[in-house]
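Asks: If you scroll down you'll find the structure; I have some questions about it.
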Amino acid sequence: MIARLIGEARHVAIGAASPIPATGAFLLKAEKPSLRVSLHQRRRANPFTEGSRELFDLAGQGRIDVFFLGGAQIDGEANINLVRAGEKRFPGSFGSAFMYAVIPRTILFREEHSRRALVPRVEFVSARGEPFALLTGMALFSWQKEARRFRLESVHPGHDVDEIHAETGFGFDSPARVSTTSGPTAEQLALLRGRVAKEIAADYPEFAARVWHA
Amino acid sequence: MEVVRALIRRRARGLKLLGVPVLGFSADLLIGAGCVAEIETSAVSLGEAGLAPRFTEAAQNGEIEIRDATCPAIHTALQAAEKGVPFMPLRGVLGSDLLKHRNDWKVVNNPLNSGTDPILLVPAVQPDVALFHARWADEAGNVWIGRRRELATIAHAAKATYVTYEEKRPGDMLEDELLAPGILNSVYVTAVARAERGAWPLGVAEVYGIDDAHLAHYARAARTREGFQRYLDEFVCTRKKNSLPA
């Protein structure tokens, strides 16, 4: 799904702590070698020679097409919160306040799909912007710029629309018939378990060992 | 890291840390050991090892002052300082609650545009001290930072720069055309000190990697104050790292 959302981009960058978006980006690159994938936290052969400043400078100039942002909280207006909720303190906003504004295609990604994560209104706006989509562990939403509302596009296998309504803290539009998210093809799965897992293991050893036993 | 451990042993107090652009393991140790009064950063994280436990608890208990920022704003503030200008503009950030908490950041209309074009101005930041670990220093006082050229920006902006290094090289590295682009010129370097495996449990490219198992151990141990104290006793106060294999 992540590979499909990246779509026709020429350059996708992956920020901090994003093993799943990185996996999707490397899968797409395995199928389409012309795609440039810049992994900001790469330990060996890091693409940047001026640290993360270069990532933001590239983005500011429009040289990066796609970026992923997460949120401890994400609300129905597509605001994200990486700072605090209630008594809880989260790590912080990272580059989100900048990236959300300058990246043409921002994909919001949060594996946890719950009322705790998807809230009516975030308690702190780390960043505000116009996303391309919101992808969770249960569903895919598109963003309707005019209506400023999410629209349910598909539900992942093993989940249903009622569950999405029950677990989502904000209102969203839903078509009469919601399709099921299609999973990876057999070829894609083989790539994920092989080449891509190996690539990911260099920078996310714990993730790769846990998910792919790589 | 070696200097961080030394600061904890010396019971440093009231430090203000600037994360460029984020803080990690060093900051979590210093915060847990009570050395820190204030931090300015875009985030505090242990990377794949997860949340920084001592930072999280100190923040939730209001024990440290936190000036939340966003990565490019910190880079921009240092770039303004290295150029000796009072501020620099930065796109984005408008609409973020970060602005509400940063009285030092100003939004103005782009003076070069006759229409409406709000833009953020970030004031220059000149740290008192820049502190990092590098692979090489030479007899001329230069330091080789390789591709980590953002470290040069920190040193250019700071009033004083202290560097620990893995290995001393003879002569003057600036005479080597291939090494020169990765060098921080001695004009910016206040003092250097040798610290073999000084970045441990973090890594130095091509010398030793990040000790992921140790960071994961720390993340678990430091979840409680007692566990953190045991960690300090074992790895900071007794310098156990030197006995570990490279």
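Each chain in the structure tokens gets a letter, A, B and so on, in the order shown; residues start at 1 in every chain, and ligands are counted from 1 in the order they appear.
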Please report as a compact mmCIF listing (two decimals) with N, CA and C atoms, in the first residue's frame which residues of chain B come no farther than 8 Å from chain A, using only C-alpha atoms.
Replies:
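Writing the result to part_10.txt gives the following:
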# COMPACT_ATOMS: atom_id res chain seq x y z
N PRO B 21 19.61 18.37 15.38
CA PRO B 21 18.40 19.08 15.78
C PRO B 21 17.62 18.34 16.86
N VAL B 22 18.12 17.12 17.25
CA VAL B 22 17.41 16.37 18.29
C VAL B 22 18.42 15.94 19.35
N THR B 41 15.13 21.67 21.83
CA THR B 41 15.31 20.55 20.90
C THR B 41 14.05 20.33 20.08
N SER B 42 14.21 19.57 19.00
CA SER B 42 13.06 19.19 18.18
C SER B 42 12.45 17.88 18.65
N ALA B 43 13.25 17.12 19.39
CA ALA B 43 12.76 15.85 19.94
C ALA B 43 13.84 15.26 20.82
N VAL B 44 13.43 14.33 21.68
CA VAL B 44 14.39 13.53 22.45
C VAL B 44 13.99 12.08 22.24
N SER B 45 14.91 11.28 21.70
CA SER B 45 14.56 9.92 21.35
C SER B 45 15.80 9.05 21.38
N GLY B 47 16.08 6.58 19.27
CA GLY B 47 16.05 5.91 17.97
C GLY B 47 15.27 4.61 18.08
N GLU B 48 15.85 3.53 17.56
CA GLU B 48 15.12 2.27 17.55
C GLU B 48 14.91 1.72 18.95
N LEU B 51 11.54 5.39 23.40
CA LEU B 51 11.46 6.64 24.14
C LEU B 51 12.67 6.80 25.05
N ALA B 52 13.05 8.06 25.28
CA ALA B 52 14.12 8.37 26.22
C ALA B 52 13.49 8.43 27.62
N THR B 56 11.49 11.58 29.48
CA THR B 56 10.03 11.50 29.54
C THR B 56 9.55 11.75 30.97
N ALA B 59 10.18 15.40 32.07
CA ALA B 59 9.25 16.32 31.40
C ALA B 59 7.87 16.24 32.06
N GLN B 60 7.44 15.01 32.33
CA GLN B 60 6.10 14.83 32.91
C GLN B 60 6.02 15.36 34.33
N ASP B 68 10.45 23.66 23.00
CA ASP B 68 10.20 22.82 21.83
C ASP B 68 10.49 23.59 20.55
N ALA B 69 11.16 22.92 19.63
CA ALA B 69 11.50 23.53 18.34
C ALA B 69 11.17 22.54 17.24
N THR B 70 11.55 22.87 16.03
CA THR B 70 11.44 21.94 14.91
C THR B 70 12.79 21.94 14.20
N CYS B 71 13.20 20.79 13.69
CA CYS B 71 14.59 20.59 13.22
C CYS B 71 15.16 21.75 12.39
N PRO B 72 14.49 22.13 11.29
CA PRO B 72 15.14 23.15 10.46
C PRO B 72 15.26 24.51 11.16
N HIS B 75 18.68 24.34 12.85
CA HIS B 75 19.75 24.51 11.85
C HIS B 75 19.83 25.97 11.40
N ARG B 91 10.76 28.90 5.91
CA ARG B 91 9.40 28.58 5.44
C ARG B 91 8.71 27.61 6.41
N GLY B 92 7.45 27.42 6.21
CA GLY B 92 6.70 26.45 7.00
C GLY B 92 6.45 26.95 8.41
N VAL B 93 6.15 26.03 9.31
CA VAL B 93 5.96 26.26 10.75
C VAL B 93 4.70 27.05 11.08
N LEU B 94 4.24 27.96 10.19
CA LEU B 94 3.03 28.74 10.45
C LEU B 94 1.87 27.77 10.71
N GLY B 95 1.07 28.07 11.71
CA GLY B 95 -0.04 27.16 12.03
C GLY B 95 0.32 26.13 13.08
N SER B 96 1.60 26.02 13.41
CA SER B 96 2.00 25.08 14.46
C SER B 96 1.90 25.77 15.82
N ASP B 97 1.51 25.00 16.84
CA ASP B 97 1.46 25.54 18.21
C ASP B 97 2.85 25.83 18.76
N LEU B 98 3.88 25.34 18.10
CA LEU B 98 5.25 25.68 18.54
C LEU B 98 5.40 27.19 18.63
N ARG B 147 31.62 13.31 6.65
CA ARG B 147 30.37 13.80 6.06
C ARG B 147 29.47 14.49 7.08
N ARG B 148 29.84 14.44 8.36
CA ARG B 148 28.98 15.07 9.39
C ARG B 148 29.24 16.58 9.43
N ARG B 149 29.02 17.22 8.28
CA ARG B 149 29.41 18.63 8.19
C ARG B 149 28.49 19.56 8.97
N GLU B 150 27.34 19.03 9.43
CA GLU B 150 26.51 19.86 10.31
C GLU B 150 27.26 20.16 11.62
N ALA B 205 31.61 6.16 12.25
CA ALA B 205 31.53 5.50 10.95
C ALA B 205 32.84 4.80 10.59
Asks: List the neighbours of B:Ala193 out to 7 Å using only C-alpha atoms; skip same-chain residues closer than 2 positions along the sequence, and give me the result as a PDB file with C-alpha atoms, in the first residue's frame.
Replies:
ATOM      1  CA  VAL B 163      36.247  17.676  20.612  1.00  0.00           C
ATOM      2  CA  THR B 164      37.175  14.171  21.703  1.00  0.00           C
ATOM      3  CA  TYR B 165      38.724  11.974  19.014  1.00  0.00           C
ATOM      4  CA  ALA B 191      40.666  22.023  22.675  1.00  0.00           C
ATOM      5  CA  ALA B 195      39.073   9.269  23.929  1.00  0.00           C
TER       6      ALA B 195
END
Asks: Work out how far atom CA of A:Leu108 is from atom CA of B:Arg223, in Å to one decimal.
Replies: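 Those two atoms sit 29.3 Å apart.
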Asks: Quick one: distance from atom CA of B:His101 to atom CA of B:Gly19 in Å, one decimal?
Replies: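 So the answer is 17.4 Å.
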Asks: So that I can check the surroundings of B:Gly171, please list as a short mmCIF file (atom, residue, chain, number, x, y, z; two decimals) with N, CA and C atoms, in the first residue's frame every protein, DNA and RNA residue that reaches within 10 Å of it, counting only C-alpha atoms and ignoring chain neighbours fewer than 4 positions away.
Replies:
data_model
loop_
_atom_site.label_atom_id
_atom_site.label_comp_id
_atom_site.auth_asym_id
_atom_site.auth_seq_id
_atom_site.Cartn_x
_atom_site.Cartn_y
_atom_site.Cartn_z
N ALA B 137 42.00 13.78 14.96
CA ALA B 137 42.53 15.14 15.13
C ALA B 137 43.97 15.07 14.64
N ASP B 138 44.56 16.20 14.25
CA ASP B 138 45.95 16.15 13.78
C ASP B 138 46.84 17.05 14.62
N GLU B 139 48.13 17.05 14.29
CA GLU B 139 49.10 17.81 15.08
C GLU B 139 48.88 19.31 14.94
N ALA B 140 48.19 19.73 13.86
CA ALA B 140 47.94 21.16 13.64
C ALA B 140 46.67 21.64 14.36
N GLY B 141 45.98 20.71 15.02
CA GLY B 141 44.78 21.12 15.77
C GLY B 141 43.50 21.04 14.97
N ASN B 142 43.58 20.51 13.74
CA ASN B 142 42.36 20.32 12.95
C ASN B 142 41.65 19.04 13.37
N GLU B 175 46.66 19.50 4.28
CA GLU B 175 47.54 19.30 3.12
C GLU B 175 47.06 18.14 2.25
#
Asks: Excluding B:Asn185 and residues on its chain fewer than 6 positions from it, collect all residues at most 10 Å away from it, counting only C-alpha atoms, and give them as a list in words.
Replies: Ala140, Gly141, Asn142, Val143, Trp144, Ala152, Ala155, His156, Met173 and Leu174 of chain B
Asks: List as a PyMOL selection string the protein and nucleic acid residues near A:Glu153, meaning an atom at most 8 Å away when only C-alpha atoms are counted, but skip any in the same chain fewer than 3 places from it.
Replies: chain A and resi 139-142+174-175+178-179
Asks: Could you save those same residues with C-alpha atoms as a PDB file, in the first residue's frame?
Replies:
ATOM      1  CA  ALA A 139      -7.537   1.381   6.923  1.00  0.00           C
ATOM      2  CA  LEU A 140      -6.642   3.918   4.272  1.00  0.00           C
ATOM      3  CA  PHE A 141      -8.239   7.383   4.165  1.00  0.00           C
ATOM      4  CA  SER A 142      -7.906  10.023   1.463  1.00  0.00           C
ATOM      5  CA  SER A 174     -17.534   6.883   4.013  1.00  0.00           C
ATOM      6  CA  PRO A 175     -18.814   5.642   0.650  1.00  0.00           C
ATOM      7  CA  VAL A 178     -15.929   0.355   1.017  1.00  0.00           C
ATOM      8  CA  SER A 179     -13.366  -1.869  -0.686  1.00  0.00           C
TER       9      SER A 179
END
Asks: Please provide as a PyMOL selection string all residues within 9 Å of A:Ala166, with the sequence filter that same-chain residues fewer than 4 positions apart are discarded (counting only C-alpha atoms).
Replies: chain A and resi 114-115+161-162
Asks: Any chance you could list, as a list in words, the residues in stretch 17-88 of chain A that come up strand (DSSP E or B) when DSSP is run on the backbone?
Replies: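 Selection result, strand (DSSP E or B) within stretch 17-88 of chain A: Arg36, Val37, Ser38, Leu39, Glu50, Val66, Phe67, Phe68, Leu69, Gln73, Ile74, Asp75, Ile80, Asn81, Arg84, Ala85 and Lys88 of chain A.
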Asks: For those residues, write N, CA and C atoms to a file as a PDB file, in the first residue's frame.
Replies:
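Output saved as selection_32.pdb:
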ATOM      1  N   ARG A  36      14.351   7.617  -6.323  1.00  0.00           N
ATOM      2  CA  ARG A  36      15.397   7.934  -5.354  1.00  0.00           C
ATOM      3  C   ARG A  36      14.793   7.859  -3.953  1.00  0.00           C
ATOM      4  N   VAL A  37      15.408   7.050  -3.095  1.00  0.00           N
ATOM      5  CA  VAL A  37      14.944   6.928  -1.708  1.00  0.00           C
ATOM      6  C   VAL A  37      16.050   7.459  -0.804  1.00  0.00           C
ATOM      7  N   SER A  38      15.773   8.511  -0.056  1.00  0.00           N
ATOM      8  CA  SER A  38      16.773   9.071   0.864  1.00  0.00           C
ATOM      9  C   SER A  38      16.361   8.778   2.294  1.00  0.00           C
ATOM     10  N   LEU A  39      17.118   7.896   2.903  1.00  0.00           N
ATOM     11  CA  LEU A  39      16.828   7.490   4.278  1.00  0.00           C
ATOM     12  C   LEU A  39      17.668   8.361   5.199  1.00  0.00           C
ATOM     13  N   GLU A  50      25.531  16.976   4.852  1.00  0.00           N
ATOM     14  CA  GLU A  50      25.409  18.120   5.761  1.00  0.00           C
ATOM     15  C   GLU A  50      24.344  17.821   6.803  1.00  0.00           C
ATOM     16  N   VAL A  66       7.785  13.148  -1.799  1.00  0.00           N
ATOM     17  CA  VAL A  66       6.949  12.417  -0.838  1.00  0.00           C
ATOM     18  C   VAL A  66       7.668  12.296   0.499  1.00  0.00           C
ATOM     19  N   PHE A  67       6.918  12.498   1.582  1.00  0.00           N
ATOM     20  CA  PHE A  67       7.474  12.322   2.929  1.00  0.00           C
ATOM     21  C   PHE A  67       6.373  11.751   3.814  1.00  0.00           C
ATOM     22  N   PHE A  68       6.774  11.006   4.841  1.00  0.00           N
ATOM     23  CA  PHE A  68       5.809  10.410   5.771  1.00  0.00           C
ATOM     24  C   PHE A  68       5.889  11.126   7.117  1.00  0.00           C
ATOM     25  N   LEU A  69       4.733  11.409   7.695  1.00  0.00           N
ATOM     26  CA  LEU A  69       4.695  11.973   9.043  1.00  0.00           C
ATOM     27  C   LEU A  69       3.774  11.120   9.902  1.00  0.00           C
ATOM     28  N   GLN A  73      -0.965  11.789  18.244  1.00  0.00           N
ATOM     29  CA  GLN A  73      -2.378  12.044  17.959  1.00  0.00           C
ATOM     30  C   GLN A  73      -2.487  12.623  16.547  1.00  0.00           C
ATOM     31  N   ILE A  74      -3.540  12.206  15.840  1.00  0.00           N
ATOM     32  CA  ILE A  74      -3.880  12.786  14.540  1.00  0.00           C
ATOM     33  C   ILE A  74      -5.375  13.113  14.612  1.00  0.00           C
ATOM     34  N   ASP A  75      -5.759  14.308  14.171  1.00  0.00           N
ATOM     35  CA  ASP A  75      -7.179  14.638  14.275  1.00  0.00           C
ATOM     36  C   ASP A  75      -7.849  14.718  12.905  1.00  0.00           C
ATOM     37  N   ILE A  80      -1.334  17.106  13.320  1.00  0.00           N
ATOM     38  CA  ILE A  80      -0.631  16.048  14.057  1.00  0.00           C
ATOM     39  C   ILE A  80      -0.003  16.611  15.327  1.00  0.00           C
ATOM     40  N   ASN A  81       0.082  15.740  16.339  1.00  0.00           N
ATOM     41  CA  ASN A  81       0.641  16.112  17.637  1.00  0.00           C
ATOM     42  C   ASN A  81       1.733  15.121  18.008  1.00  0.00           C
ATOM     43  N   ARG A  84       2.645  16.407  23.292  1.00  0.00           N
ATOM     44  CA  ARG A  84       2.086  15.963  24.572  1.00  0.00           C
ATOM     45  C   ARG A  84       0.586  15.736  24.489  1.00  0.00           C
ATOM     46  N   ALA A  85       0.087  14.897  25.388  1.00  0.00           N
ATOM     47  CA  ALA A  85      -1.357  14.675  25.522  1.00  0.00           C
ATOM     48  C   ALA A  85      -1.625  14.349  26.975  1.00  0.00           C
ATOM     49  N   LYS A  88       0.988  13.034  29.486  1.00  0.00           N
ATOM     50  CA  LYS A  88       2.054  12.312  28.767  1.00  0.00           C
ATOM     51  C   LYS A  88       2.883  13.217  27.885  1.00  0.00           C
TER      52      LYS A  88
END
